[in-house]
file target.cif (mmCIF, C-alpha atoms)
data_my_file
loop_
_atom_site.group_PDB
_atom_site.id
_atom_site.type_symbol
_atom_site.label_atom_id
_atom_site.label_comp_id
_atom_site.auth_asym_id
_atom_site.auth_seq_id
_atom_site.Cartn_x
_atom_site.Cartn_y
_atom_site.Cartn_z
ATOM 1 C CA THR A 1 87.785 79.012 121.901
ATOM 2 C CA ILE A 2 90.694 79.931 119.613
ATOM 3 C CA GLU A 3 89.236 77.806 116.835
ATOM 4 C CA LEU A 4 85.853 79.483 117.328
ATOM 5 C CA GLU A 5 87.480 82.934 117.186
ATOM 6 C CA GLN A 6 89.345 81.991 113.999
ATOM 7 C CA SER A 7 86.149 80.681 112.435
ATOM 8 C CA THR A 8 84.299 83.848 113.391
ATOM 9 C CA ILE A 9 87.052 86.061 111.959
ATOM 10 C CA ARG A 10 87.012 84.075 108.702
ATOM 11 C CA ASP A 11 83.218 84.434 108.550
ATOM 12 C CA TYR A 12 83.405 88.197 109.134
ATOM 13 C CA ALA A 13 86.112 88.491 106.494
ATOM 14 C CA ARG A 14 83.957 86.565 104.020
ATOM 15 C CA GLN A 15 80.921 88.756 104.764
ATOM 16 C CA LEU A 16 83.029 91.894 104.304
ATOM 17 C CA HIS A 17 84.643 90.519 101.113
ATOM 18 C CA LEU A 18 88.119 90.637 102.657
ATOM 19 C CA ALA A 19 89.442 87.373 101.265
ATOM 20 C CA THR A 20 93.108 88.080 101.895
ATOM 21 C CA LEU A 21 92.446 89.157 105.462
ATOM 22 C CA GLY A 22 90.492 85.957 106.036
ATOM 23 C CA SER A 23 93.245 83.762 104.673
ATOM 24 C CA GLN A 24 96.283 85.524 106.158
ATOM 25 C CA PHE A 25 95.249 86.843 109.570
ATOM 26 C CA MET A 26 96.707 83.899 111.488
ATOM 27 C CA LYS A 27 100.012 83.849 109.618
ATOM 28 C CA LEU A 28 100.433 87.603 110.078
ATOM 29 C CA ALA A 29 99.390 87.351 113.732
ATOM 30 C CA GLU A 30 102.117 84.762 114.333
ATOM 31 C CA GLU A 31 104.670 86.992 112.581
ATOM 32 C CA ALA A 32 103.536 89.960 114.674
ATOM 33 C CA VAL A 33 104.052 87.979 117.883
ATOM 34 C CA LYS A 34 107.520 86.831 116.768
ATOM 35 C CA GLN A 35 108.514 90.391 115.879
ATOM 36 C CA GLN A 36 106.857 91.762 119.009
ATOM 37 C CA LEU A 37 104.659 94.101 116.998
ATOM 38 C CA GLY A 38 101.721 95.854 118.553
ATOM 39 C CA HIS A 39 98.094 95.581 117.552
ATOM 40 C CA LEU A 40 98.227 98.589 115.264
ATOM 41 C CA ALA A 41 101.278 97.297 113.390
ATOM 42 C CA TYR A 42 99.544 93.927 112.990
ATOM 43 C CA LEU A 43 96.377 95.607 111.712
ATOM 44 C CA GLU A 44 98.423 97.723 109.323
ATOM 45 C CA ALA A 45 100.169 94.621 107.929
ATOM 46 C CA LEU A 46 96.872 92.813 107.547
ATOM 47 C CA LEU A 47 95.165 95.693 105.744
ATOM 48 C CA SER A 48 98.248 96.276 103.613
ATOM 49 C CA ALA A 49 98.142 92.649 102.460
ATOM 50 C CA GLU A 50 94.470 93.054 101.543
ATOM 51 C CA VAL A 51 95.126 96.240 99.571
ATOM 52 C CA GLU A 52 98.102 94.709 97.727
ATOM 53 C CA GLU A 53 96.098 91.639 96.772
ATOM 54 C CA ARG A 54 93.184 93.753 95.534
ATOM 55 C CA GLU A 55 95.578 95.874 93.502
ATOM 56 C CA ARG A 56 97.118 92.754 91.972
ATOM 57 C CA HIS A 57 93.670 91.390 91.098
ATOM 58 C CA ALA A 58 92.558 94.730 89.637
ATOM 59 C CA VAL A 59 95.584 94.898 87.340
ATOM 60 C CA ALA A 60 95.132 91.256 86.307
ATOM 61 C CA ARG A 61 91.466 91.954 85.552
ATOM 62 C CA ARG A 62 92.367 95.002 83.437
ATOM 63 C CA ILE A 63 94.905 92.930 81.489
ATOM 64 C CA THR A 64 92.333 90.185 80.888
ATOM 65 C CA GLU A 65 89.669 92.697 79.827
ATOM 66 C CA ALA A 66 92.106 94.279 77.350
ATOM 67 C CA LYS A 67 91.986 91.058 75.294
ATOM 68 C CA PHE A 68 95.649 91.008 74.336
ATOM 69 C CA PRO A 69 96.469 88.168 71.942
ATOM 70 C CA LYS A 70 99.603 87.651 74.034
ATOM 71 C CA VAL A 71 100.670 89.679 77.067
ATOM 72 C CA LYS A 72 104.014 91.306 76.360
ATOM 73 C CA THR A 73 105.736 93.777 78.647
ATOM 74 C CA LEU A 74 108.272 96.494 78.069
ATOM 75 C CA GLU A 75 110.604 94.665 80.463
ATOM 76 C CA ASP A 76 110.651 91.782 77.977
ATOM 77 C CA PHE A 77 111.431 93.941 74.939
ATOM 78 C CA GLN A 78 115.012 93.602 73.714
ATOM 79 C CA PHE A 79 115.981 97.211 73.072
ATOM 80 C CA GLY A 80 119.550 96.089 72.344
ATOM 81 C CA GLU A 81 118.303 94.183 69.314
ATOM 82 C CA ALA A 82 116.349 97.210 68.034
ATOM 83 C CA PRO A 83 118.849 100.087 68.146
ATOM 84 C CA LEU A 84 116.575 102.447 66.167
ATOM 85 C CA ILE A 85 113.914 102.331 68.892
ATOM 86 C CA PRO A 86 114.613 104.982 71.550
ATOM 87 C CA ALA A 87 114.347 103.085 74.843
ATOM 88 C CA VAL A 88 114.317 106.302 76.881
ATOM 89 C CA GLN A 89 111.366 107.655 74.922
ATOM 90 C CA ILE A 90 109.423 104.382 75.262
ATOM 91 C CA ARG A 91 110.050 104.317 79.013
ATOM 92 C CA LYS A 92 108.853 107.915 79.243
ATOM 93 C CA LEU A 93 105.684 106.948 77.375
ATOM 94 C CA ALA A 94 105.187 104.138 79.894
ATOM 95 C CA ASP A 95 104.512 106.802 82.527
ATOM 96 C CA GLY A 96 101.192 107.358 80.742
ATOM 97 C CA GLY A 97 101.269 111.134 80.426
ATOM 98 C CA TYR A 98 100.107 110.864 76.823
ATOM 99 C CA LEU A 99 96.857 109.325 78.066
ATOM 100 C CA GLY A 100 96.007 112.367 80.150
ATOM 101 C CA ARG A 101 96.748 114.589 77.172
ATOM 102 C CA SER A 102 94.801 112.318 74.777
ATOM 103 C CA GLU A 103 97.806 112.037 72.485
ATOM 104 C CA PRO A 104 97.919 109.186 69.976
ATOM 105 C CA ILE A 105 100.973 106.960 69.694
ATOM 106 C CA ILE A 106 101.674 105.429 66.295
ATOM 107 C CA PHE A 107 104.320 102.799 65.667
ATOM 108 C CA LEU A 108 105.462 102.513 62.049
ATOM 109 C CA GLY A 109 107.881 99.979 60.675
ATOM 110 C CA ASP A 110 108.437 96.774 58.819
ATOM 111 C CA THR A 111 107.045 93.436 59.900
ATOM 112 C CA GLY A 112 108.885 91.974 62.876
ATOM 113 C CA THR A 113 110.290 95.233 64.213
ATOM 114 C CA GLY A 114 108.425 95.058 67.545
ATOM 115 C CA LYS A 115 105.499 97.411 66.953
ATOM 116 C CA THR A 116 102.930 95.067 68.488
ATOM 117 C CA HIS A 117 105.235 94.217 71.398
ATOM 118 C CA LEU A 118 105.814 97.904 72.183
ATOM 119 C CA ALA A 119 102.133 98.797 71.839
ATOM 120 C CA THR A 120 101.141 95.882 74.052
ATOM 121 C CA GLY A 121 103.857 96.776 76.556
ATOM 122 C CA LEU A 122 102.588 100.354 76.811
ATOM 123 C CA ALA A 123 99.035 99.052 77.153
ATOM 124 C CA VAL A 124 100.075 96.680 79.963
ATOM 125 C CA GLU A 125 101.666 99.666 81.724
ATOM 126 C CA ALA A 126 98.358 101.521 81.359
ATOM 127 C CA CYS A 127 96.585 98.509 82.899
ATOM 128 C CA ARG A 128 99.034 98.676 85.806
ATOM 129 C CA GLN A 129 97.966 102.315 86.218
ATOM 130 C CA ARG A 130 94.345 101.076 86.437
ATOM 131 C CA LYS A 131 93.366 102.435 83.014
ATOM 132 C CA ARG A 132 90.690 100.729 80.941
ATOM 133 C CA VAL A 133 92.450 99.316 77.882
ATOM 134 C CA ARG A 134 91.328 97.417 74.797
ATOM 135 C CA PHE A 135 93.484 95.733 72.177
ATOM 136 C CA THR A 136 92.091 94.936 68.743
ATOM 137 C CA THR A 137 93.165 94.653 65.156
ATOM 138 C CA ALA A 138 91.931 97.122 62.576
ATOM 139 C CA ALA A 139 90.100 94.331 60.761
ATOM 140 C CA GLU A 140 88.320 93.209 63.953
ATOM 141 C CA LEU A 141 87.290 96.780 64.727
ATOM 142 C CA VAL A 142 85.986 97.426 61.207
ATOM 143 C CA ASN A 143 84.059 94.134 61.285
ATOM 144 C CA GLU A 144 82.559 94.898 64.681
ATOM 145 C CA LEU A 145 81.478 98.398 63.654
ATOM 146 C CA THR A 146 80.070 97.200 60.330
ATOM 147 C CA GLU A 147 78.108 94.450 62.046
ATOM 148 C CA ALA A 148 76.835 96.889 64.669
ATOM 149 C CA LYS A 149 75.726 99.298 61.952
ATOM 150 C CA ASN A 150 73.915 96.508 60.098
ATOM 151 C CA GLN A 151 72.118 95.520 63.317
ATOM 152 C CA SER A 152 71.289 99.131 64.237
ATOM 153 C CA GLU A 153 73.459 98.881 67.349
ATOM 154 C CA LEU A 154 76.182 101.301 66.341
ATOM 155 C CA SER A 155 75.557 103.780 69.165
ATOM 156 C CA ARG A 156 75.702 101.002 71.796
ATOM 157 C CA VAL A 157 78.981 99.663 70.407
ATOM 158 C CA ARG A 158 80.392 103.185 70.055
ATOM 159 C CA ASN A 159 79.527 103.942 73.678
ATOM 160 C CA ARG A 160 81.294 100.754 74.802
ATOM 161 C CA TRP A 161 84.451 101.767 72.928
ATOM 162 C CA LEU A 162 84.289 105.277 74.387
ATOM 163 C CA ARG A 163 84.691 103.842 77.917
ATOM 164 C CA TYR A 164 88.267 102.810 77.179
ATOM 165 C CA GLN A 165 91.070 105.160 78.119
ATOM 166 C CA LEU A 166 93.482 103.457 75.716
ATOM 167 C CA ILE A 167 92.680 101.587 72.528
ATOM 168 C CA VAL A 168 95.456 99.741 70.723
ATOM 169 C CA ILE A 169 94.644 99.127 67.059
ATOM 170 C CA ASP A 170 97.091 96.684 65.525
ATOM 171 C CA GLU A 171 97.660 95.611 61.938
ATOM 172 C CA MET A 172 96.447 98.851 60.358
ATOM 173 C CA ALA A 173 98.149 98.032 57.056
ATOM 174 C CA TYR A 174 96.073 94.875 56.589
ATOM 175 C CA VAL A 175 92.759 96.715 56.144
ATOM 176 C CA THR A 176 91.769 97.741 52.647
ATOM 177 C CA VAL A 177 89.395 100.617 52.091
#

call {"tool": "encode", "arguments": {"input": "target.cif", "output": "structure tokens"}}
result
Amino acid sequence: TIELEQSTIRDYARQLHLATLGSQFMKLAEEAVKQQLGHLAYLEALLSAEVEERERHAVARRITEAKFPKVKTLEDFQFGEAPLIPAVQIRKLADGGYLGRSEPIIFLGDTGTGKTHLATGLAVEACRQRKRVRFTTAAELVNELTEAKNQSELSRVRNRWLRYQLIVIDEMAYVTV
């Protein structure tokens, strides 16, 4: 009957779209028995695992949807090698307050100074805060808007871009007017 109960629980979890619960309930049940936890503590651990996994998937989905050419994080940025970049200010920006205030962030500097890395790192932080993010180059954006205008789809494309809470436009200097 234990196997039947396990099968039934897995089926219920699948029907309720609780994949983590369905895959971890036995392991967590065994841990709960070993630690002499009660039913409520076991249920809390099980639901916590489900929430954590959903959060991880949501952030991963946001990062994928952002279309970064390469995912770079602020943790990976070598502030020691870029002494002119204020690490404290960048870390403060990572909190995302500028998004709520609709403030633009512009990185200026020579090629190879870390502008794209910093912009991507801030955008990854926004993804971690469940913000809708999109990364593009200025040339790609201009091409997309021009093509949309030529196909009389400019309002549809504009509306899609308006859904994003953060848009990173890279390589601004490479677009000629």

call {"tool": "residues_around", "arguments": {"input": "target.cif", "residues": "A:Leu108", "least_positions_apart": "6", "cutoff": "10 Å", "atoms": "all atoms listed in the file", "output": "PyMOL selection string"}}
result
chain A and resi 114-115+172-173

call {"tool": "write_last_selection", "arguments": {"input": "target.cif", "atoms": "C-alpha atoms", "output": "JSON list (two decimals), in the coordinates of the input"}}
result
[["chain", "number", "residue", "atom", "x", "y", "z"],
["A", 114, "GLY", "CA", 108.42, 95.06, 67.54],
["A", 115, "LYS", "CA", 105.50, 97.41, 66.95],
["A", 172, "MET", "CA", 96.45, 98.85, 60.36],
["A", 173, "ALA", "CA", 98.15, 98.03, 57.06]]

call {"tool": "residues_around", "arguments": {"input": "target.cif", "residues": "stretch 20-26 of chain A", "least_positions_apart": "3", "cutoff": "9 Å", "atoms": "all atoms listed in the file", "output": "JSON, numbers by chain"}}
result
{"A": [6, 9, 10, 11, 12, 13, 14, 17, 29, 30, 31, 42, 46, 47, 49, 50, 51, 53, 54]}

call {"tool": "closest_residue", "arguments": {"input": "target.cif", "among": "A:Gln129, A:Gln35, A:Ser152, A:Thr1", "to": "A:Glu55", "atoms": "all atoms listed in the file"}}
result
A:Gln129

call {"tool": "resolve_selection", "arguments": {"input": "target.cif", "expression": "the PyMOL selection byres ((chain A and resi 138) around 8)", "output": "list of chain:residue names"}}
result
A:Thr136, A:Thr137, A:Ala139, A:Glu140, A:Leu141, A:Val142, A:Ile169, A:Asp170, A:Glu171, A:Met172, A:Tyr174, A:Val175

call {"tool": "closest_residue", "arguments": {"input": "target.cif", "among": "A:Gln36, A:Thr64, A:Ser48, A:Thr146", "to": "A:Val124", "atoms": "only C-alpha atoms"}}
result
A:Thr64
